[in-house]
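Reproduced below: final.cif, with mmCIF, C-alpha atoms and all ligand atoms.
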```
data_input
loop_
_atom_site.label_atom_id
_atom_site.label_comp_id
_atom_site.auth_asym_id
_atom_site.auth_seq_id
_atom_site.Cartn_x
_atom_site.Cartn_y
_atom_site.Cartn_z
CA MET A 1 -17.86 11.18 -22.73
CA THR A 2 -18.43 11.07 -26.52
CA PRO A 3 -19.49 7.78 -28.15
CA GLU A 4 -16.08 7.59 -29.89
CA LEU A 5 -14.27 7.93 -26.59
CA GLN A 6 -16.54 5.41 -25.00
CA GLU A 7 -15.81 2.97 -27.77
CA ALA A 8 -12.08 3.55 -27.58
CA GLY A 9 -12.16 3.12 -23.82
CA ALA A 10 -14.15 -0.09 -24.09
CA ARG A 11 -11.65 -1.46 -26.60
CA LEU A 12 -8.71 -0.65 -24.35
CA LEU A 13 -10.43 -2.13 -21.36
CA ALA A 14 -11.22 -5.29 -23.31
CA GLU A 15 -7.55 -5.61 -24.23
CA HIS A 16 -6.54 -5.28 -20.60
CA GLN A 17 -9.21 -7.75 -19.60
CA LYS A 18 -7.81 -10.25 -22.09
CA LYS A 19 -4.32 -9.73 -20.71
CA ILE A 20 -5.51 -10.24 -17.16
CA GLU A 21 -7.30 -13.43 -18.16
CA GLN A 22 -4.20 -14.74 -19.90
CA GLU A 23 -2.22 -14.08 -16.74
CA VAL A 24 -4.80 -15.96 -14.73
CA THR A 25 -4.68 -19.02 -16.94
CA SER A 26 -0.90 -18.94 -16.90
CA GLY A 27 -0.94 -18.87 -13.11
CA GLY A 28 -0.26 -15.14 -12.84
CA ARG A 29 -1.44 -12.34 -10.63
CA GLU A 30 -4.85 -13.66 -9.74
CA ALA A 31 -4.42 -17.40 -10.09
CA ALA A 32 -4.97 -17.80 -6.37
CA PHE A 33 -8.68 -16.99 -6.34
CA GLY A 34 -10.88 -19.41 -4.54
CA ARG A 35 -8.32 -20.81 -2.13
CA LEU A 36 -8.58 -18.16 0.53
CA LEU A 37 -11.47 -19.64 2.46
CA LYS A 38 -9.17 -22.46 3.36
CA HIS A 39 -7.26 -19.94 5.42
CA GLY A 40 -10.33 -18.33 7.00
CA THR A 41 -11.30 -14.70 7.32
CA PRO A 42 -8.96 -12.33 9.13
CA ASP A 43 -10.09 -11.77 12.70
CA PHE A 44 -9.64 -8.19 13.90
CA ALA A 45 -11.64 -8.52 17.12
CA HIS A 46 -8.49 -8.24 19.23
CA GLY A 47 -7.67 -4.87 17.70
CA VAL A 48 -4.48 -6.00 15.98
CA ALA A 49 -4.22 -5.56 12.23
CA LEU A 50 -0.65 -6.69 11.73
CA TYR A 51 1.78 -8.47 13.98
CA LEU A 52 5.40 -9.16 13.13
CA ASP A 53 7.52 -11.06 15.59
CA ASP A 54 11.22 -11.78 15.47
CA ILE A 55 11.44 -11.53 11.68
CA THR A 56 14.85 -12.07 10.16
CA VAL A 57 15.69 -11.79 6.47
CA SER A 58 19.21 -12.54 5.28
CA PHE A 59 20.73 -11.81 1.89
CA ASP A 60 23.97 -13.76 1.57
CA GLY A 61 24.51 -13.60 5.30
CA PHE A 62 23.66 -9.90 5.56
CA LYS A 63 20.64 -9.33 7.78
CA ALA A 64 18.30 -6.85 6.07
CA LEU A 65 15.85 -7.55 8.90
CA ASN A 66 17.20 -8.64 12.23
CA ALA A 67 14.64 -9.99 14.73
CA LEU A 68 12.15 -7.27 13.80
CA SER A 69 8.99 -7.10 15.90
CA LEU A 70 6.16 -4.70 15.25
CA ALA A 71 2.42 -4.50 15.94
CA ILE A 72 -0.05 -2.27 14.10
CA ASN A 73 -3.54 -1.75 15.50
CA VAL A 74 -6.78 -1.81 13.56
CA GLY A 75 -7.35 1.65 12.10
CA GLU A 76 -3.93 2.89 13.18
CA LEU A 77 -1.80 5.20 11.05
CA ARG A 78 1.81 4.32 11.77
CA CYS A 79 4.78 6.16 10.34
CA ILE A 80 8.04 4.28 9.93
CA ILE A 81 11.25 6.23 9.53
CA GLY A 82 14.90 5.32 9.38
CA PRO A 83 18.04 5.67 7.25
CA ASN A 84 18.42 4.14 3.80
CA GLY A 85 19.13 0.45 4.07
CA ALA A 86 17.33 0.15 7.44
CA GLY A 87 15.06 -2.55 6.04
CA LYS A 88 11.84 -0.57 5.58
CA THR A 89 11.10 -1.81 2.07
CA THR A 90 12.20 -5.34 2.98
CA MET A 91 9.68 -5.26 5.82
CA MET A 92 6.93 -4.46 3.29
CA ASP A 93 8.24 -7.25 1.05
CA VAL A 94 7.79 -9.70 3.93
CA ILE A 95 4.27 -8.50 4.78
CA THR A 96 3.18 -8.80 1.15
CA GLY A 97 4.76 -12.20 0.58
CA LYS A 98 7.37 -10.96 -1.89
CA THR A 99 10.21 -12.03 0.39
CA ARG A 100 10.18 -15.02 2.71
CA PRO A 101 11.91 -14.45 6.04
CA ASP A 102 14.41 -16.96 7.42
CA ALA A 103 12.76 -16.81 10.80
CA GLY A 104 9.90 -15.19 12.67
CA THR A 105 6.14 -14.95 12.47
CA ALA A 106 3.82 -12.53 10.69
CA SER A 107 0.07 -12.43 11.12
CA PHE A 108 -2.76 -10.42 9.63
CA GLY A 109 -5.46 -9.94 12.20
CA SER A 110 -5.03 -12.45 14.98
CA ASN A 111 -5.42 -15.56 12.89
CA ILE A 112 -3.98 -15.35 9.38
CA ASP A 113 -0.44 -16.61 9.00
CA LEU A 114 0.99 -14.36 6.30
CA LEU A 115 4.06 -16.52 5.90
CA ARG A 116 1.93 -19.35 4.57
CA LEU A 117 0.16 -17.26 1.95
CA ARG A 118 1.32 -16.37 -1.52
CA GLU A 119 1.70 -12.81 -2.73
CA ASN A 120 -1.58 -12.94 -4.69
CA ASP A 121 -3.51 -14.32 -1.74
CA ILE A 122 -2.19 -11.61 0.53
CA ALA A 123 -3.33 -8.84 -1.83
CA GLN A 124 -6.70 -10.53 -2.09
CA ILE A 125 -7.21 -10.88 1.63
CA GLY A 126 -7.00 -7.14 2.26
CA ILE A 127 -3.42 -5.86 2.21
CA GLY A 128 -2.76 -3.18 -0.39
CA ARG A 129 0.69 -1.91 -1.25
CA LYS A 130 1.80 1.30 -2.88
CA PHE A 131 5.29 1.08 -4.34
CA GLN A 132 7.49 4.15 -4.65
CA LYS A 133 6.93 4.75 -8.36
CA PRO A 134 3.39 5.37 -9.60
CA THR A 135 2.07 2.52 -11.72
CA VAL A 136 -1.14 3.50 -13.45
CA TYR A 137 -2.42 2.68 -16.94
CA GLU A 138 -1.07 5.80 -18.64
CA GLN A 139 -3.18 5.50 -21.79
CA LEU A 140 -6.49 5.09 -19.97
CA SER A 141 -8.51 7.82 -18.32
CA VAL A 142 -8.54 8.36 -14.57
CA PHE A 143 -12.05 6.90 -14.44
CA GLU A 144 -11.06 3.84 -16.47
CA ASN A 145 -8.11 3.21 -14.17
CA LEU A 146 -10.46 3.05 -11.20
CA GLU A 147 -12.85 0.89 -13.21
CA LEU A 148 -10.01 -1.55 -13.90
CA ALA A 149 -9.13 -1.63 -10.23
CA LEU A 150 -12.69 -2.81 -9.64
CA ALA A 151 -12.08 -5.53 -12.20
CA ALA A 152 -9.23 -6.86 -10.11
CA ASP A 153 -11.96 -7.71 -7.64
CA ARG A 154 -13.43 -10.89 -9.01
CA ARG A 155 -16.93 -10.24 -7.68
CA ALA A 156 -17.13 -7.10 -9.79
CA ARG A 157 -15.51 -8.48 -12.89
CA ALA A 158 -18.48 -10.24 -14.37
CA SER A 159 -20.47 -7.04 -14.56
CA LEU A 160 -17.66 -4.75 -15.63
CA PHE A 161 -17.97 -4.92 -19.36
CA SER A 162 -21.72 -4.72 -19.43
CA ARG A 163 -22.52 -1.84 -17.15
CA LEU A 164 -21.32 -0.56 -13.84
CA SER A 165 -23.87 -0.91 -11.09
CA GLY A 166 -25.10 2.17 -9.26
CA THR A 167 -23.12 1.12 -6.20
CA GLN A 168 -19.95 0.75 -8.24
CA LEU A 169 -20.41 4.16 -9.84
CA ASP A 170 -21.01 5.69 -6.41
CA ARG A 171 -17.85 4.06 -5.13
CA ILE A 172 -15.78 5.41 -8.04
CA GLY A 173 -17.29 8.84 -7.42
CA GLU A 174 -16.42 8.67 -3.73
CA ILE A 175 -12.84 7.67 -4.44
CA LEU A 176 -12.47 10.37 -7.12
CA THR A 177 -13.53 12.96 -4.57
CA LEU A 178 -11.27 11.54 -1.88
CA ILE A 179 -8.18 11.61 -4.13
CA HIS A 180 -8.99 15.09 -5.48
CA LEU A 181 -9.33 13.86 -9.04
CA LEU A 182 -13.05 14.30 -9.69
CA PRO A 183 -12.43 17.19 -12.14
CA GLU A 184 -9.84 15.02 -13.94
CA ALA A 185 -12.03 11.90 -14.23
CA GLN A 186 -11.95 11.83 -18.03
CA ARG A 187 -8.34 12.94 -18.35
CA THR A 188 -5.75 10.51 -19.69
CA ALA A 189 -3.78 9.29 -16.69
CA GLY A 190 -0.47 9.82 -18.51
CA LEU A 191 -1.14 13.57 -18.51
CA LEU A 192 -1.50 13.84 -14.74
CA SER A 193 1.21 15.35 -12.55
CA HIS A 194 3.45 12.97 -10.60
CA GLY A 195 1.48 13.67 -7.42
CA GLN A 196 -1.86 13.09 -9.12
CA LYS A 197 -0.63 9.76 -10.47
CA GLN A 198 0.33 8.75 -6.95
CA TRP A 199 -3.17 9.66 -5.76
CA LEU A 200 -4.72 7.72 -8.60
CA GLU A 201 -2.76 4.65 -7.66
CA ILE A 202 -3.83 5.05 -4.04
CA GLY A 203 -7.41 5.37 -5.32
CA MET A 204 -6.99 2.14 -7.27
CA LEU A 205 -5.87 0.40 -4.08
CA LEU A 206 -8.83 1.87 -2.21
CA MET A 207 -11.26 0.47 -4.78
CA GLN A 208 -10.44 -2.93 -3.27
CA ASP A 209 -11.16 -1.63 0.23
CA PRO A 210 -8.00 -3.01 1.84
CA LYS A 211 -7.92 -3.37 5.61
CA LEU A 212 -4.20 -2.56 5.66
CA LEU A 213 -2.40 -0.17 3.32
CA LEU A 214 1.37 -0.11 2.99
CA LEU A 215 2.77 3.09 1.51
CA ASP A 216 6.47 3.28 0.66
CA GLU A 217 7.71 6.87 0.44
CA PRO A 218 4.42 8.12 -1.00
CA VAL A 219 5.33 11.82 -1.14
CA ALA A 220 8.80 11.52 -2.68
CA GLY A 221 8.87 13.89 -5.65
CA MET A 222 5.64 15.65 -4.72
CA THR A 223 5.28 19.43 -4.44
CA ASP A 224 4.67 20.90 -0.97
CA GLU A 225 1.02 21.39 -1.75
CA GLU A 226 0.61 17.82 -3.04
CA THR A 227 2.39 16.55 0.08
CA GLU A 228 0.00 18.42 2.33
CA ARG A 229 -3.01 17.09 0.46
CA THR A 230 -1.64 13.58 0.69
CA ALA A 231 -1.38 13.95 4.46
CA GLU A 232 -5.02 15.08 4.55
CA LEU A 233 -5.99 12.08 2.44
CA PHE A 234 -4.19 9.62 4.75
CA LEU A 235 -5.72 11.24 7.82
CA SER A 236 -9.16 10.79 6.29
CA LEU A 237 -8.42 7.07 5.74
CA GLU A 238 -7.23 6.51 9.28
CA GLY A 239 -9.74 4.59 11.34
CA GLN A 240 -11.33 2.78 8.42
CA HIS A 241 -8.01 1.35 7.28
CA SER A 242 -4.72 0.65 9.01
CA LEU A 243 -1.91 2.53 7.28
CA VAL A 244 1.81 1.92 7.43
CA VAL A 245 3.63 4.88 5.92
CA VAL A 246 7.37 4.88 5.28
CA GLU A 247 8.66 8.41 4.76
CA HIS A 248 11.76 10.60 5.11
CA ASP A 249 9.85 13.90 4.99
CA MET A 250 9.64 14.91 8.68
CA LYS A 251 7.20 17.73 8.02
CA PHE A 252 4.86 15.20 6.43
CA VAL A 253 5.37 12.76 9.32
CA ASP A 254 4.62 15.59 11.75
CA GLN A 255 1.41 16.41 9.90
CA LEU A 256 0.36 12.75 9.95
CA THR A 257 1.16 12.08 13.59
CA GLN A 258 -0.37 15.32 14.92
CA GLY A 259 1.83 15.25 18.00
CA ARG A 260 0.11 12.18 19.41
CA LYS A 261 0.78 9.13 17.29
CA THR A 262 3.57 6.58 17.59
CA VAL A 263 6.46 6.68 15.15
CA THR A 264 8.75 3.68 14.67
CA VAL A 265 12.42 4.14 13.81
CA LEU A 266 14.07 1.25 12.00
CA HIS A 267 17.82 0.81 11.91
CA GLU A 268 19.87 -2.17 10.73
CA GLY A 269 16.80 -4.33 10.40
CA SER A 270 15.22 -3.81 13.80
CA VAL A 271 13.36 -1.23 15.85
CA LEU A 272 15.76 1.37 17.21
CA ALA A 273 13.14 3.56 18.87
CA GLU A 274 9.42 3.99 19.10
CA GLY A 275 7.43 6.92 20.46
CA LEU A 276 6.06 10.33 19.60
CA LEU A 277 7.91 12.14 16.82
CA SER A 278 9.20 14.69 19.35
CA GLU A 279 10.51 11.85 21.51
CA VAL A 280 12.32 9.98 18.76
CA GLN A 281 13.71 13.27 17.43
CA ALA A 282 15.22 13.87 20.87
CA ASN A 283 16.61 10.33 21.08
CA ASP A 284 20.43 10.46 20.84
CA LYS A 285 20.71 7.15 19.00
CA VAL A 286 18.12 8.25 16.42
CA VAL A 287 19.90 11.58 15.94
CA GLU A 288 23.20 9.80 15.50
CA VAL A 289 22.14 7.22 12.91
CA TYR A 290 19.43 9.13 11.07
CA LEU A 291 18.31 12.64 11.78
CA GLY A 292 21.68 14.30 12.48
CA ARG A 293 22.19 17.43 14.55
P1 LIG B 301 15.21 0.75 3.12
O1 LIG B 301 13.93 0.58 2.39
O2 LIG B 301 15.05 0.98 4.59
O3 LIG B 301 16.09 1.80 2.51
P2 LIG B 301 15.79 -1.92 2.15
O4 LIG B 301 14.78 -2.76 2.84
O5 LIG B 301 15.54 -1.57 0.76
O6 LIG B 301 16.04 -0.61 3.03
O7 LIG B 301 17.18 -2.63 2.24
C1 LIG B 301 17.73 -3.13 3.44
C2 LIG B 301 19.09 -3.74 3.15
O8 LIG B 301 18.91 -4.97 2.48
C3 LIG B 301 19.96 -2.88 2.26
O9 LIG B 301 21.29 -2.98 2.70
C4 LIG B 301 19.79 -3.51 0.90
O10 LIG B 301 20.92 -3.30 0.10
C5 LIG B 301 19.59 -4.96 1.24
N1 LIG B 301 18.75 -5.67 0.26
C6 LIG B 301 17.45 -5.42 0.01
N2 LIG B 301 16.96 -6.26 -0.93
C7 LIG B 301 17.98 -7.07 -1.27
C8 LIG B 301 18.15 -8.16 -2.17
N3 LIG B 301 17.11 -8.60 -2.93
N4 LIG B 301 19.35 -8.75 -2.26
C9 LIG B 301 20.40 -8.34 -1.50
N5 LIG B 301 20.32 -7.32 -0.63
C10 LIG B 301 19.15 -6.69 -0.50
MG MG B 302 13.08 1.61 0.79
#
```

Written form, C-alpha cells:
Amino acid sequence: MTPELQEAGARLLAEHQKKIEQEVTSGGREAAFGRLLKHGTPDFAHGVALYLDDITVSFDGFKALNALSLAINVGELRCIIGPNGAGKTTMMDVITGKTRPDAGTASFGSNIDLLRLRENDIAQIGIGRKFQKPTVYEQLSVFENLELALAADRRARASLFSRLSGTQLDRIGEILTLIHLLPEAQRTAGLLSHGQKQWLEIGMLLMQDPKLLLLDEPVAGMTDEETERTAELFLSLEGQHSLVVVEHDMKFVDQLTQGRKTVTVLHEGSVLAEGLLSEVQANDKVVEVYLGR
C-alpha cells in the first residue's frame, strides 16, 4: 500500500469510526455493550446451539410462523428449504431479535433466552446473520472492510486506529484466505463481483467469530463456480460454527449435505418434513408444495 492510499484509507476509516460512535451515543447499533453479562454466557455443553419451540408470528392475523419448532446442534450445518412465503426469513428475524413472536420460546445454547435480548445484544453474543443482498463498504478496500468488522468488536476497537496487533493481522489473513480474497486484499470492495462481495460479507461476520451463522439465500445470483466455492467455504466452517443455510438451489444443498445431513423443509410457517435430502425429495407432500414433479 502506498503512503497516499494508507492516508486515504485511514481518513475513511476515521469517518466510519465517527459514524459508529455517533450511533452508539444515539442508542444505535452497539448501544447495548456491557449489559450482556447480566444474561450470562451461552452454555453449549449440552450440544444444542439453537432451540426454537412452538414459535408463532402473526402479521394481521396471518401466521408467518405457526408453532415452529427446530433444534440446531453445536457445529451443525443445517439447510432449510421451502417455497416462497414459508417463513424462512421470518424465522431468522425471530432468532436475531428483529421480530418478536406472539408465542413460543427461543434459546441460544441451553441457557440464553433470545426472546429477552435486543437485536444488538444477540449479534454481540455470537449470532451472525447474512442478509440476501451483500452489504459491504463499497468505497473501502477488502482489507479495510475486514478491519472495520474487527472494530465492531469493542475489545479490538481501542487499538484499531493505532496499529493492528500481530494476532489481528493473522486473523485478517486467515479470513482472506478462507474467503478466497487474499489476492484482492487491496482492491476496492465496490469493484468485486457479486459473489466476491458475498464472501467478503461472510468474512466480515467471521471476524467476530460467531457461534451461529444464519445465511439467507447466500448463493442467489452467484455463478456456478462461485456457488461451488461457497459450498466449500461453508463445509470448512462446519464444526467450528453452527450454520443455518436457507437456499433454493438443490445442487448447492446437495453439495452441502453430502448425502448424510438433515434438511428441514418449511411450509406455511412450520416444519413440513425433515430428513436427508433424498428423503425429503421423495416426500409426496414436499414434492406437491415445493419441488414439483
Ligand atoms: P420466506 O423467506 O420463506 O420466503 P418470509 O418469512 O419472508 O418467507 O414470509 C413469510 C410470510 O410472512 C409471507 O407470506 C410474507 O408475505 C409474510 N410477511 C413477512 N414479513 C411480513 C411483515 N413484516 N408484514 C406482513 N407480512 C409479512
Ligand atoms: Mg426469504

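Excluding region 63-78 of chain A and any residue on its chain fewer than 5 positions from it, the residues at most 6 Å away by all atoms listed in the file are Gly47, Val48, Ala49, Leu50, Tyr51, Leu52, Asp53, Asp54, Ile55, Thr56, Val57, Ser58, Gly87, Glu238, Gly239, Gln240, His241, Ser242, Leu243, Val244, Gly269 and Ser270 of chain A.
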
- Message: Can you work out which residues are within 6 Å of ligand LIG 301 (chain B), considering all atoms listed in the file, and then hand them over as number ranges by chain?
- Response: A: 59, 64, 84-90

For the selection you just gave me, I'd like the residues written to a file as an mmCIF file, keeping the file's coordinate frame, keeping C-alpha atoms.
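The resulting file, out20.cif, is reproduced below:
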```
data_model
loop_
_atom_site.group_PDB
_atom_site.id
_atom_site.type_symbol
_atom_site.label_atom_id
_atom_site.label_comp_id
_atom_site.auth_asym_id
_atom_site.auth_seq_id
_atom_site.Cartn_x
_atom_site.Cartn_y
_atom_site.Cartn_z
ATOM 1 C CA PHE A 59 20.730 -11.810 1.890
ATOM 2 C CA ALA A 64 18.300 -6.850 6.070
ATOM 3 C CA ASN A 84 18.420 4.140 3.800
ATOM 4 C CA GLY A 85 19.130 0.450 4.070
ATOM 5 C CA ALA A 86 17.330 0.150 7.440
ATOM 6 C CA GLY A 87 15.060 -2.550 6.040
ATOM 7 C CA LYS A 88 11.840 -0.570 5.580
ATOM 8 C CA THR A 89 11.100 -1.810 2.070
ATOM 9 C CA THR A 90 12.200 -5.340 2.980
#
```

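Of the residues listed (A:Ser236, A:Thr230, A:Ser141, A:Gln132), A:Thr230 shows the shortest atom-to-atom separation from Val253 (chain A); distances use only C-alpha atoms.
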
- Task: Take the point (-1.2, -1.6, -2.8) in the file's coordinates, draw a sphere of radius 10 Å around it, and report as a PyMOL selection string every protein, DNA or RNA residue with an atom inside or on it, counting only C-alpha atoms.
- Result: chain A and resi 96+123+126-131+201-206+208+210+212-216

- Query: What lies within 12 Å of Asp170 (chain A) using all atoms listed in the file, ignoring chain neighbours under 6 positions off, as an MDAnalysis selection string?
  - Reply: chainID A and resid 146:147 164 176:177 207

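Taking only C-alpha atoms and all ligand atoms into account, ligand MG 302 (chain B) lies nearest to A:His248 out of the set A:Arg118, A:His248, A:Lys197, A:Arg260.
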
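The space between CA of Glu268 (chain A) and CA of Pro83 (chain A) spans 8.8 Å.
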
Please return the centre and edge lengths, in Å to one decimal, of a box with edges along x, y and z that contains all listed atoms of region 202-216 of chain A, widened by 4 Å on every side, as AutoDock Vina command-line options.
```
--center_x -2.4 --center_y 1.0 --center_z -0.8 --size_x 25.7 --size_y 16.7 --size_z 20.9
```

Enumerate, in order of chain and increasing residue number, the residues of region 37-86 of chain A with an atom no farther than 10 Å from region 277-288 of chain A, each with its shortest atom pair and distance in Å to one decimal, counting all atoms listed in the file, as a tab-separated table.
```
residue	atom	partner	partner_atom	distance
A:Cys79	CA	A:Leu277	CA	9.4
A:Ile81	CA	A:Val286	CA	9.9
A:Gly82	CA	A:Val286	CA	8.3
A:Pro83	CA	A:Val286	CA	9.5
```

- Item | Counting all atoms listed in the file, the residue of A:Lys133, A:Arg229, A:Arg171, A:Arg100 that sits nearest ligand MG 302 (chain B) | A:Lys133

- Nearest to ligand MG 302 (chain B) among A:Ala45, A:Val219, A:Val246, A:Ala231, with distances taken over only C-alpha atoms and all ligand atoms: which residue is it?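 Smallest separation from ligand MG 302 (chain B) among the options: A:Val246.
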
- Select, from A:Leu200, A:Leu266, A:Val136, A:Ala189, the residue with the minimum atom-to-atom distance to ligand MG 302 (chain B), counting all atoms listed in the file. A:Leu266

- Tell me which of A:Pro42, A:Pro134, A:Pro218, A:Gly173 sits closest to ligand MG 302 (chain B), counting only C-alpha atoms and all ligand atoms. A:Pro218

- In Å, how far is it from CA of Pro183 (chain A) to CA of Glu232 (chain A)?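 For CA of Pro183 (chain A) relative to CA of Glu232 (chain A), the distance reads 18.4 Å.
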
- Message: Just the number, please: distance in Å from CA of His194 (chain A) to CA of Ile125 (chain A), one decimal.
- Response: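 A separation of 28.8 Å between them.
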
- Message: What's around region 226-228 of chain A at 12 Å? Count all atoms listed in the file, leave out sequence neighbours fewer than 5 positions away in its own chain, and write the answer as a ChimeraX atom specification.
- Response: /A:179-180,193-199,217-221,233-235,247,249-256
